[in-house]
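Trainee: Provided below: my_file_2.txt, containing compact mmCIF, C-alpha atoms.
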# COMPACT_ATOMS: atom_id res chain seq x y z
CA MET A 1 123.96 44.50 -46.33
CA GLN A 2 126.17 41.52 -46.85
CA VAL A 3 127.06 41.38 -43.16
CA THR A 4 123.42 41.30 -42.12
CA ARG A 5 122.60 38.57 -44.58
CA GLY A 6 125.52 36.53 -43.32
CA LYS A 7 124.39 36.93 -39.72
CA ARG A 8 120.92 35.74 -40.56
CA LYS A 9 122.24 32.64 -42.23
CA ALA A 10 124.54 31.84 -39.36
CA GLY A 11 122.00 32.28 -36.52
CA LYS A 12 119.30 29.85 -37.66
CA LEU A 13 116.08 30.83 -35.88
CA GLN A 14 114.62 27.83 -34.04
CA LEU A 15 111.22 27.96 -32.37
CA ASN A 16 110.86 25.95 -29.20
CA LEU A 17 107.71 23.97 -30.01
CA ILE A 18 107.92 21.58 -27.05
CA PRO A 19 105.55 23.51 -24.68
CA ILE A 20 103.02 24.01 -27.50
CA LEU A 21 103.13 20.31 -28.34
CA ASP A 22 102.65 19.45 -24.66
CA ALA A 23 99.58 21.69 -24.50
CA VAL A 24 98.17 20.28 -27.74
CA PHE A 25 98.58 16.71 -26.48
CA ILE A 26 96.79 17.51 -23.22
CA PHE A 27 94.03 19.25 -25.19
CA ILE A 28 93.64 16.19 -27.44
CA PHE A 29 93.28 13.85 -24.46
CA PHE A 30 90.67 16.17 -22.93
CA LEU A 31 88.72 16.33 -26.20
CA LEU A 32 89.00 12.56 -26.72
CA SER A 33 87.46 11.96 -23.30
CA THR A 34 84.53 14.30 -24.01
CA ALA A 35 83.93 13.39 -27.65
CA GLN A 36 80.60 11.80 -28.59
CA PHE A 37 80.63 10.10 -31.91
CA VAL A 38 76.86 9.51 -31.86
CA GLU A 39 75.37 12.94 -31.29
CA ILE A 40 72.67 12.67 -28.67
CA ARG A 41 69.91 15.22 -28.12
CA GLU A 42 66.76 15.31 -26.02
CA THR A 43 63.22 16.48 -26.36
CA GLN A 44 60.99 16.88 -23.33
CA ILE A 45 57.50 15.60 -22.64
CA ASP A 46 55.55 16.05 -19.43
CA ILE A 47 52.85 14.01 -17.83
CA PRO A 48 49.56 15.88 -17.72
CA LYS A 49 48.79 17.57 -14.41
CA VAL A 50 45.20 17.90 -13.37
CA SER A 51 44.49 21.29 -11.87
CA VAL A 52 41.51 23.55 -11.45
CA ILE A 53 41.91 26.80 -13.36
CA GLU A 54 39.44 29.62 -13.24
CA VAL A 55 38.49 30.45 -16.80
CA ASP A 56 38.92 34.14 -17.56
CA LYS A 57 35.64 35.16 -19.13
CA ASN A 58 37.27 38.18 -20.78
CA GLU A 59 39.77 35.97 -22.61
CA LYS A 60 38.51 35.46 -26.11
CA ASP A 61 38.66 31.98 -27.56
CA PRO A 62 41.58 30.16 -25.81
CA LEU A 63 43.55 27.90 -28.15
CA ALA A 64 43.56 24.65 -26.11
CA LEU A 65 45.61 22.91 -28.80
CA THR A 66 45.29 19.14 -28.94
CA LEU A 67 46.73 16.73 -31.49
CA THR A 68 45.03 13.38 -31.79
CA VAL A 69 47.43 10.99 -33.47
CA ALA A 70 46.25 7.77 -35.06
CA GLU A 71 48.28 5.44 -37.29
CA ASP A 72 46.59 6.84 -40.40
CA LYS A 73 45.66 10.43 -39.49
CA ILE A 74 46.47 13.41 -37.28
CA GLU A 75 43.70 15.70 -36.09
CA ILE A 76 44.50 19.22 -34.92
CA VAL A 77 41.79 20.12 -32.44
CA THR A 78 41.35 23.59 -30.94
CA GLY A 79 39.16 25.60 -28.60
CA LEU A 80 37.13 24.68 -25.56
CA GLU A 81 34.57 23.11 -27.85
CA GLN A 82 37.35 20.90 -29.31
CA LYS A 83 36.64 21.68 -32.97
CA ILE A 84 38.73 19.95 -35.62
CA TYR A 85 40.94 22.64 -37.16
CA LYS A 86 42.75 20.36 -39.60
CA GLU A 87 42.96 16.69 -40.46
CA ILE A 88 46.11 15.26 -41.99
CA VAL A 89 45.69 11.84 -43.54
CA ALA A 90 48.68 9.56 -44.11
CA LYS A 91 49.39 8.55 -47.68
CA ASN A 92 51.13 5.15 -47.91
CA ASN A 93 51.66 5.35 -44.11
CA ILE A 94 53.56 8.65 -44.45
CA PHE A 95 52.24 11.91 -43.02
CA ASP A 96 52.78 15.24 -44.74
CA MET A 97 54.68 16.82 -41.84
CA GLY A 98 55.08 20.04 -43.83
CA ASP A 99 51.30 20.42 -43.89
CA LEU A 100 51.14 19.81 -40.13
CA HIS A 101 53.87 22.36 -39.49
CA ARG A 102 52.22 25.02 -41.69
CA SER A 103 48.92 24.60 -39.82
CA LEU A 104 50.68 24.96 -36.48
CA VAL A 105 52.52 28.09 -37.65
CA GLU A 106 49.14 29.54 -38.69
CA LEU A 107 47.79 28.84 -35.20
CA LYS A 108 50.89 30.33 -33.57
CA LEU A 109 50.43 33.53 -35.59
CA LYS A 110 46.87 33.78 -34.27
CA HIS A 111 47.88 32.89 -30.67
CA PRO A 112 51.53 33.99 -30.34
CA GLU A 113 51.64 33.77 -26.55
CA GLU A 114 50.30 30.23 -26.41
CA THR A 115 53.03 27.65 -25.73
CA THR A 116 51.26 24.47 -24.71
CA ALA A 117 49.93 21.52 -26.66
CA ILE A 118 48.58 18.12 -25.73
CA ILE A 119 49.28 15.05 -27.82
CA ILE A 120 46.90 12.12 -27.64
CA PRO A 121 48.44 9.18 -29.53
CA GLN A 122 46.52 5.99 -30.13
CA GLU A 123 47.98 2.76 -28.75
CA GLY A 124 49.65 1.48 -31.92
CA VAL A 125 51.34 4.74 -32.96
CA LYS A 126 55.07 4.23 -33.34
CA TYR A 127 57.54 6.18 -31.19
CA LYS A 128 59.48 7.46 -34.23
CA ASN A 129 56.28 9.09 -35.57
CA ILE A 130 55.69 10.78 -32.22
CA VAL A 131 59.26 12.17 -32.24
CA SER A 132 58.75 13.43 -35.79
CA ILE A 133 55.52 15.20 -34.76
CA LEU A 134 57.28 16.74 -31.74
CA ASP A 135 59.95 18.16 -34.06
CA HIS A 136 57.31 19.97 -36.08
CA ILE A 137 55.29 21.24 -33.10
CA LYS A 138 58.07 22.66 -30.98
CA VAL A 139 60.11 25.05 -33.11
CA LEU A 140 60.33 26.77 -36.46
CA ALA A 141 62.59 25.22 -39.07
CA PRO A 142 66.02 26.89 -39.39
CA LYS A 143 65.08 28.44 -42.76
CA GLU A 144 61.83 29.99 -41.48
CA LYS A 145 61.58 33.59 -40.32
CA SER A 146 60.97 34.30 -36.63
CA ILE A 147 57.43 35.17 -35.57
CA ALA A 148 57.11 38.80 -34.46
CA TYR A 149 54.23 39.79 -32.19
CA VAL A 150 53.08 42.26 -29.57
CA ASP A 151 52.47 40.62 -26.21
CA SER A 152 49.66 41.33 -23.74
CA LYS A 153 51.81 44.04 -22.08
CA GLY A 154 52.25 45.84 -25.39
CA GLU A 155 55.92 44.84 -25.81
CA LYS A 156 57.27 43.83 -29.21
CA LYS A 157 58.69 40.30 -29.19
CA GLU A 158 60.10 37.70 -31.53
CA THR A 159 60.07 33.98 -31.14
CA ARG A 160 61.29 30.87 -32.94
CA LYS A 161 59.40 28.54 -30.64
CA LEU A 162 55.94 27.24 -31.45
CA PHE A 163 54.23 25.03 -28.88
CA TYR A 164 57.12 23.72 -26.79
CA ASN A 165 55.32 22.76 -23.56
CA ILE A 166 53.98 19.39 -24.58
CA SER A 167 52.32 16.72 -22.55
CA PHE A 168 50.72 13.42 -23.42
CA GLY A 169 47.03 13.20 -22.77
CA GLU A 170 44.25 10.67 -22.93
CA LYS A 171 40.91 10.74 -24.67
CA ILE A 172 38.15 10.90 -22.10
CA MET B 1 144.14 7.71 -25.71
CA LYS B 2 141.29 7.45 -23.30
CA THR B 3 140.97 11.20 -23.00
CA LYS B 4 140.93 11.61 -26.77
CA GLY B 5 138.22 8.99 -27.16
CA PHE B 6 136.09 10.60 -24.46
CA SER B 7 136.32 14.04 -25.99
CA LYS B 8 135.20 12.66 -29.38
CA THR B 9 132.10 11.08 -27.87
CA HIS B 10 131.34 14.24 -25.94
CA ARG B 11 131.48 16.31 -29.12
CA LYS B 12 129.11 13.94 -30.90
CA ARG B 13 126.46 14.26 -28.15
CA LYS B 14 126.48 18.02 -28.39
CA GLU B 15 125.35 18.02 -32.03
CA PRO B 16 121.65 18.97 -32.17
CA ILE B 17 119.33 16.44 -33.81
CA ASP B 18 116.95 18.07 -36.26
CA LEU B 19 113.59 16.32 -36.19
CA ASP B 20 111.12 17.25 -38.88
CA ILE B 21 107.87 17.52 -36.92
CA ASN B 22 105.87 19.34 -39.59
CA SER B 23 103.92 16.23 -40.58
CA LEU B 24 103.21 15.43 -36.91
CA LEU B 25 101.90 18.96 -36.37
CA ASP B 26 99.68 18.64 -39.45
CA ILE B 27 98.14 15.47 -38.04
CA LEU B 28 97.65 17.08 -34.63
CA VAL B 29 95.89 20.09 -36.14
CA ILE B 30 93.54 17.86 -38.16
CA LEU B 31 92.84 15.76 -35.05
CA LEU B 32 92.15 18.91 -33.03
CA VAL B 33 89.63 20.22 -35.56
CA PHE B 34 87.88 16.83 -35.71
CA LEU B 35 87.73 16.52 -31.92
CA LEU B 36 86.57 20.10 -31.44
CA LYS B 37 83.72 19.36 -33.86
CA SER B 38 82.62 16.33 -31.85
CA TYR B 39 83.08 18.04 -28.47
CA ASN B 40 79.99 17.74 -26.31
CA PRO B 41 79.67 19.62 -23.01
CA SER B 42 76.75 17.41 -21.91
CA ASP B 43 77.35 15.07 -18.96
CA LEU B 44 75.01 12.46 -20.45
CA PHE B 45 76.66 9.39 -21.92
CA VAL B 46 74.42 6.62 -23.19
CA ASP B 47 75.48 3.26 -24.55
CA ILE B 48 72.82 2.50 -27.11
CA PRO B 49 72.36 -1.24 -27.78
CA SER B 50 73.35 -2.06 -31.36
CA GLU B 51 69.93 -3.51 -32.19
CA MET B 52 68.12 -0.35 -31.00
CA LYS B 53 67.18 2.21 -33.64
CA VAL B 54 66.81 5.50 -31.79
CA PRO B 55 64.76 8.03 -33.80
CA ILE B 56 66.46 11.02 -35.40
CA SER B 57 65.27 14.45 -34.34
CA GLN B 58 65.86 18.10 -35.22
CA SER B 59 66.08 18.94 -31.52
CA THR B 60 69.20 20.85 -30.50
CA ASP B 61 68.79 20.45 -26.73
CA LEU B 62 71.69 18.64 -25.13
CA GLY B 63 70.84 15.87 -22.71
CA ARG B 64 71.64 15.87 -18.99
CA LYS B 65 72.43 13.09 -16.58
CA PHE B 66 69.28 11.77 -14.91
CA VAL B 67 68.04 8.25 -14.30
CA THR B 68 68.10 6.54 -17.71
CA VAL B 69 65.79 3.77 -18.88
CA LYS B 70 66.40 2.02 -22.19
CA VAL B 71 63.62 0.11 -23.92
CA LEU B 72 64.14 -2.05 -26.99
CA ASN B 73 60.82 -3.87 -26.59
CA GLU B 74 58.70 -5.19 -23.73
CA GLU B 75 61.20 -8.00 -23.09
CA ASN B 76 64.40 -5.96 -23.21
CA ILE B 77 64.53 -3.12 -20.70
CA TRP B 78 67.58 -1.62 -19.00
CA ILE B 79 67.80 0.76 -16.06
CA GLU B 80 71.22 2.46 -15.99
CA ASP B 81 72.81 -0.33 -18.10
CA ALA B 82 71.43 -3.11 -15.85
CA LYS B 83 69.04 -5.41 -17.68
CA ILE B 84 65.73 -5.83 -15.91
CA ASP B 85 63.50 -8.86 -15.81
CA SER B 86 60.47 -7.27 -17.46
CA THR B 87 58.14 -9.99 -16.14
CA ASN B 88 58.93 -8.92 -12.58
CA MET B 89 57.24 -5.52 -12.23
CA ASP B 90 58.15 -5.24 -8.56
CA GLY B 91 61.84 -5.71 -9.37
CA PHE B 92 61.56 -3.00 -12.02
CA LEU B 93 59.98 -0.58 -9.55
CA VAL B 94 62.54 -1.34 -6.82
CA LYS B 95 65.46 -0.76 -9.18
CA LEU B 96 63.92 2.47 -10.52
CA LYS B 97 63.37 3.74 -6.98
CA GLU B 98 66.97 2.81 -6.03
CA GLU B 99 68.41 4.73 -8.97
CA ARG B 100 66.15 7.71 -8.27
CA ALA B 101 67.32 7.79 -4.66
CA LYS B 102 70.94 8.07 -5.85
CA ILE B 103 70.19 11.46 -7.43
CA LYS B 104 70.90 14.13 -4.82
CA SER B 105 68.89 17.06 -6.17
CA SER B 106 65.16 16.74 -5.51
CA GLU B 107 64.47 18.72 -8.70
CA ASP B 108 66.59 16.32 -10.79
CA GLN B 109 64.70 13.39 -9.27
CA LYS B 110 61.64 14.47 -11.29
CA TYR B 111 63.38 13.82 -14.62
CA LEU B 112 63.71 10.50 -16.43
CA ASN B 113 65.76 9.91 -19.57
CA LEU B 114 64.06 7.51 -21.97
CA VAL B 115 66.06 5.84 -24.72
CA MET B 116 63.63 3.89 -26.86
CA ASP B 117 63.48 2.03 -30.13
CA GLY B 118 61.68 3.91 -32.91
CA GLU B 119 59.35 0.99 -33.62
CA LEU B 120 58.05 0.87 -30.04
CA PRO B 121 54.24 1.30 -29.92
CA TYR B 122 52.76 4.10 -27.79
CA ASN B 123 50.98 1.70 -25.41
CA THR B 124 54.38 0.41 -24.18
CA ILE B 125 55.65 3.97 -23.72
CA LYS B 126 52.46 4.87 -21.88
CA LYS B 127 52.77 1.88 -19.51
CA LEU B 128 56.36 2.88 -18.72
CA MET B 129 55.47 6.52 -18.15
CA ASP B 130 52.52 5.58 -15.93
CA VAL B 131 54.75 3.39 -13.75
CA ALA B 132 57.47 6.05 -13.59
CA SER B 133 55.02 8.81 -12.73
CA GLU B 134 53.73 6.74 -9.79
CA ILE B 135 57.25 6.83 -8.32
CA GLY B 136 57.51 10.59 -8.77
CA PHE B 137 58.96 11.25 -12.22
CA GLU B 138 57.16 14.20 -13.82
CA HIS B 139 59.28 15.14 -16.82
CA PHE B 140 60.43 12.70 -19.48
CA LYS B 141 63.44 13.43 -21.62
CA LEU B 142 63.17 11.51 -24.87
CA ILE B 143 66.73 10.78 -25.95
CA VAL B 144 67.12 11.02 -29.70
CA LYS B 145 69.88 11.11 -32.28
CA ALA B 146 70.80 14.48 -33.72
CA LYS B 147 69.98 15.09 -37.35
CA GLU B 148 73.20 15.22 -39.36
CA VAL B 149 73.67 18.62 -41.00
Mind turning this structure into structure tokens?

Mentor:
Amino acid sequence: MQVTRGKRKAGKLQLNLIPILDAVFIFIFFLLSTAQFVEIRETQIDIPKVSVIEVDKNEKDPLALTLTVAEDKIEIVTGLEQKIYKEIVAKNNIFDMGDLHRSLVELKLKHPEETTAIIIPQEGVKYKNIVSILDHIKVLAPKEKSIAYVDSKGEKKETRKLFYNISFGEKI
Amino acid sequence: MKTKGFSKTHRKRKEPIDLDINSLLDILVILLVFLLKSYNPSDLFVDIPSEMKVPISQSTDLGRKFVTVKVLNEENIWIEDAKIDSTNMDGFLVKLKEERAKIKSSEDQKYLNLVMDGELPYNTIKKLMDVASEIGFEHFKLIVKAKEV
């Protein structure tokens, strides 16, 4: 026992850390070159395309979701007859985005396969308000449960997306 | 005498120097964790002017490199970091066309990155999008700041 202990003390184990340090340094330089200290994201908008679509007479009540955005109110308009589904009025220039989101989730539950929406902002509406509205139209919040539905082919599906194909439109 | 002196020096060189690199390793590990957290695989790098307040969004989609237009207001517009004389609409169109032509993929030529100030009114955005769509841009990527978690 004593001999072994003596041997251990004499032969001090030394790890060769030089290759690891080299690798770590290279890794740091790579990460430094790719680091973004302001995290940038994107959200897509399309320009409206005019096309002729044959209306399926068997399809019951298409959603045709349109959001008319003014500086003081947001109107959620649905259907071919463009009925106002909900009107959200700004209080002290602040919209209740939770209310808007809840209404859109309700509509998604009724039309789970629908993915498109048209936004019609008025001229003076600020860009930051449009971005905020887009956030609430496109996806469910992280805390919300996914929407489960049965698609037209009879398959069970789940989605966390609401109306993610968005284009700007104009009032005719 | 000379030989003795030489052998002494030689013996000194052979002694291993023990460097304590524990603290250096600690720093490197902390730096690695910090850099890994801010790692971004996106090829889009945008220099946002200091006076521009880009809106914050919940979007998690990473941006991609397309033609980028930055708009602070109607007087201050940049195309790919080059400031444009906003009174000269023809110059704006020419520059936008030039930058679009540099993109090799015809599919990527349909996308335009827009970095805009949050206070910008919709009529300015609309004007810009109308002009861009005339050239052939169909999809607009609104560049926003990620919401801090």

Trainee: Dump as a short mmCIF file (atom, residue, chain, number, x, y, z; two decimals) with C-alpha atoms, in the frame of the given file the residues of chain B that approach chain A to within 7 Å, counting all atoms listed in the file.

Mentor:
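Below is the file that was written, part-v2.cif:
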data_model
loop_
_atom_site.label_atom_id
_atom_site.label_comp_id
_atom_site.auth_asym_id
_atom_site.auth_seq_id
_atom_site.Cartn_x
_atom_site.Cartn_y
_atom_site.Cartn_z
CA LEU B 32 92.15 18.91 -33.03
CA LEU B 35 87.73 16.52 -31.92
CA LEU B 36 86.57 20.10 -31.44
CA SER B 38 82.62 16.33 -31.85
CA TYR B 39 83.08 18.04 -28.47
CA ASN B 40 79.99 17.74 -26.31
CA PRO B 55 64.76 8.03 -33.80
CA SER B 57 65.27 14.45 -34.34
CA GLN B 58 65.86 18.10 -35.22
CA SER B 59 66.08 18.94 -31.52
CA THR B 60 69.20 20.85 -30.50
CA ASP B 61 68.79 20.45 -26.73
CA LEU B 62 71.69 18.64 -25.13
CA GLY B 63 70.84 15.87 -22.71
CA GLY B 118 61.68 3.91 -32.91
CA GLU B 119 59.35 0.99 -33.62
CA LEU B 120 58.05 0.87 -30.04
CA PRO B 121 54.24 1.30 -29.92
CA TYR B 122 52.76 4.10 -27.79
CA ASN B 123 50.98 1.70 -25.41
CA GLU B 138 57.16 14.20 -13.82
CA HIS B 139 59.28 15.14 -16.82
CA PHE B 140 60.43 12.70 -19.48
CA LYS B 141 63.44 13.43 -21.62
CA LEU B 142 63.17 11.51 -24.87
CA ILE B 143 66.73 10.78 -25.95
CA VAL B 144 67.12 11.02 -29.70
CA LYS B 145 69.88 11.11 -32.28
CA ALA B 146 70.80 14.48 -33.72
#

Trainee: I'd like to know which of B:Glu74, B:Lys110, B:Lys95, B:Lys102 is closest to Lys127 of chain B, using all atoms listed in the file.

Mentor: B:Glu74

Trainee: Which one is closest to Lys108 of chain A: A:Lys86, A:Glu170, A:Asp96, A:Leu63? Count only C-alpha atoms.

Mentor: A:Leu63

Trainee: Using only C-alpha atoms, which residues sit within 12 Å of Ala82 of chain B once same-chain residues fewer than 5 positions away are excluded, as a list in words?

Mentor: Asp47, Val67, Thr68, Val69, Lys70, Val71, Asn76, Ile77, Gly91, Phe92, Lys95, Leu96 and Glu99 of chain B

Trainee: Looking at B:Val33, B:Ile56, B:Ile84, B:Ile21, which one is nearest to Met116 of chain B, with distances taken over all atoms listed in the file?

Mentor: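 Looking at the shortest contact to Met116 of chain B, the residue is B:Ile56.
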
Trainee: Using atom CA of Pro62 of chain A and atom CA of Leu80 of chain A as the two end points, give the distance in Å to one decimal.

Mentor: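 Separation of atom CA of Pro62 of chain A and atom CA of Leu80 of chain A: 7.1 Å.
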
Trainee: Find the distance between atom CA of Phe66 of chain B and atom CA of Asp43 of chain B and write it in Å to one decimal.

Mentor: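 That distance, rounded to one decimal, is 9.6 Å.
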
Trainee: For atom CA of Ala64 of chain A and atom CA of Glu155 of chain A, quote the distance in Å rounded to one decimal.

Mentor: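 Separation of atom CA of Ala64 of chain A and atom CA of Glu155 of chain A: 23.7 Å.
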
Trainee: From the options A:Gln82, A:Ile118, A:Leu162, A:Ile26, which residue's atoms come nearest to Glu106 of chain A, counting only C-alpha atoms?

Mentor: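 Ranked by minimum distance to Glu106 of chain A, first place goes to A:Leu162.
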
Trainee: Residues within 10 Å of Asp99 of chain A, please, as a list of chain:residue names. Count only C-alpha atoms; anything in the same chain fewer than 4 positions from it doesn't count.

Mentor: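 Here the qualifying residues turn out to be A:Lys86, A:Glu87, A:Ile88, A:Phe95, A:Ser103, A:Leu104, A:Val105, A:His136.
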
Trainee: Can you write just those residues out, C-alpha atoms, as a PDB file, in the coordinates of the input?

Mentor:
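Everything below was put into again-v4.pdb:
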ATOM      1  CA  LYS A  86      42.750  20.360 -39.600  1.00  0.00           C
ATOM      2  CA  GLU A  87      42.960  16.690 -40.460  1.00  0.00           C
ATOM      3  CA  ILE A  88      46.110  15.260 -41.990  1.00  0.00           C
ATOM      4  CA  PHE A  95      52.240  11.910 -43.020  1.00  0.00           C
ATOM      5  CA  SER A 103      48.920  24.600 -39.820  1.00  0.00           C
ATOM      6  CA  LEU A 104      50.680  24.960 -36.480  1.00  0.00           C
ATOM      7  CA  VAL A 105      52.520  28.090 -37.650  1.00  0.00           C
ATOM      8  CA  HIS A 136      57.310  19.970 -36.080  1.00  0.00           C
TER       9      HIS A 136
END

Trainee: For Ile76 of chain A, which residue among A:Lys145, A:Ile119, A:Pro112, A:Asn93 is the nearest when counting only C-alpha atoms?

Mentor: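 Using only C-alpha atoms, Ile76 of chain A sits closest to A:Ile119.
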
Trainee: Would you fill the gaps in segment 99-112 of chain A so it has N, CA and C atoms, then print it as a tab-separated table (two decimals), in the coordinates of the input?

Mentor:
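This is the output file result-v3.tsv:
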chain	number	residue	atom	x	y	z
A	99	ASP	N	52.67	19.94	-44.02
A	99	ASP	CA	51.30	20.42	-43.89
A	99	ASP	C	50.96	20.65	-42.41
A	100	LEU	N	51.37	19.69	-41.58
A	100	LEU	CA	51.14	19.81	-40.13
A	100	LEU	C	51.84	21.05	-39.59
A	101	HIS	N	53.07	21.23	-39.99
A	101	HIS	CA	53.87	22.36	-39.49
A	101	HIS	C	53.25	23.69	-39.93
A	102	ARG	N	52.82	23.77	-41.18
A	102	ARG	CA	52.22	25.02	-41.69
A	102	ARG	C	50.95	25.36	-40.89
A	103	SER	N	50.15	24.36	-40.59
A	103	SER	CA	48.92	24.60	-39.82
A	103	SER	C	49.25	25.11	-38.43
A	104	LEU	N	50.30	24.55	-37.83
A	104	LEU	CA	50.68	24.96	-36.48
A	104	LEU	C	51.27	26.37	-36.48
A	105	VAL	N	51.99	26.72	-37.54
A	105	VAL	CA	52.52	28.09	-37.65
A	105	VAL	C	51.36	29.08	-37.77
A	106	GLU	N	50.35	28.70	-38.55
A	106	GLU	CA	49.14	29.54	-38.69
A	106	GLU	C	48.51	29.79	-37.32
A	107	LEU	N	48.39	28.72	-36.54
A	107	LEU	CA	47.79	28.84	-35.20
A	107	LEU	C	48.65	29.69	-34.28
A	108	LYS	N	49.97	29.54	-34.42
A	108	LYS	CA	50.89	30.33	-33.57
A	108	LYS	C	50.77	31.82	-33.89
A	109	LEU	N	50.58	32.13	-35.19
A	109	LEU	CA	50.43	33.53	-35.59
A	109	LEU	C	49.16	34.14	-34.98
A	110	LYS	N	48.12	33.30	-34.86
A	110	LYS	CA	46.87	33.78	-34.27
A	110	LYS	C	46.96	33.85	-32.74
A	111	HIS	N	47.76	32.95	-32.15
A	111	HIS	CA	47.88	32.89	-30.67
A	111	HIS	C	49.37	32.89	-30.31
A	112	PRO	N	50.06	34.01	-30.51
A	112	PRO	CA	51.53	33.99	-30.34
A	112	PRO	C	52.01	33.71	-28.92
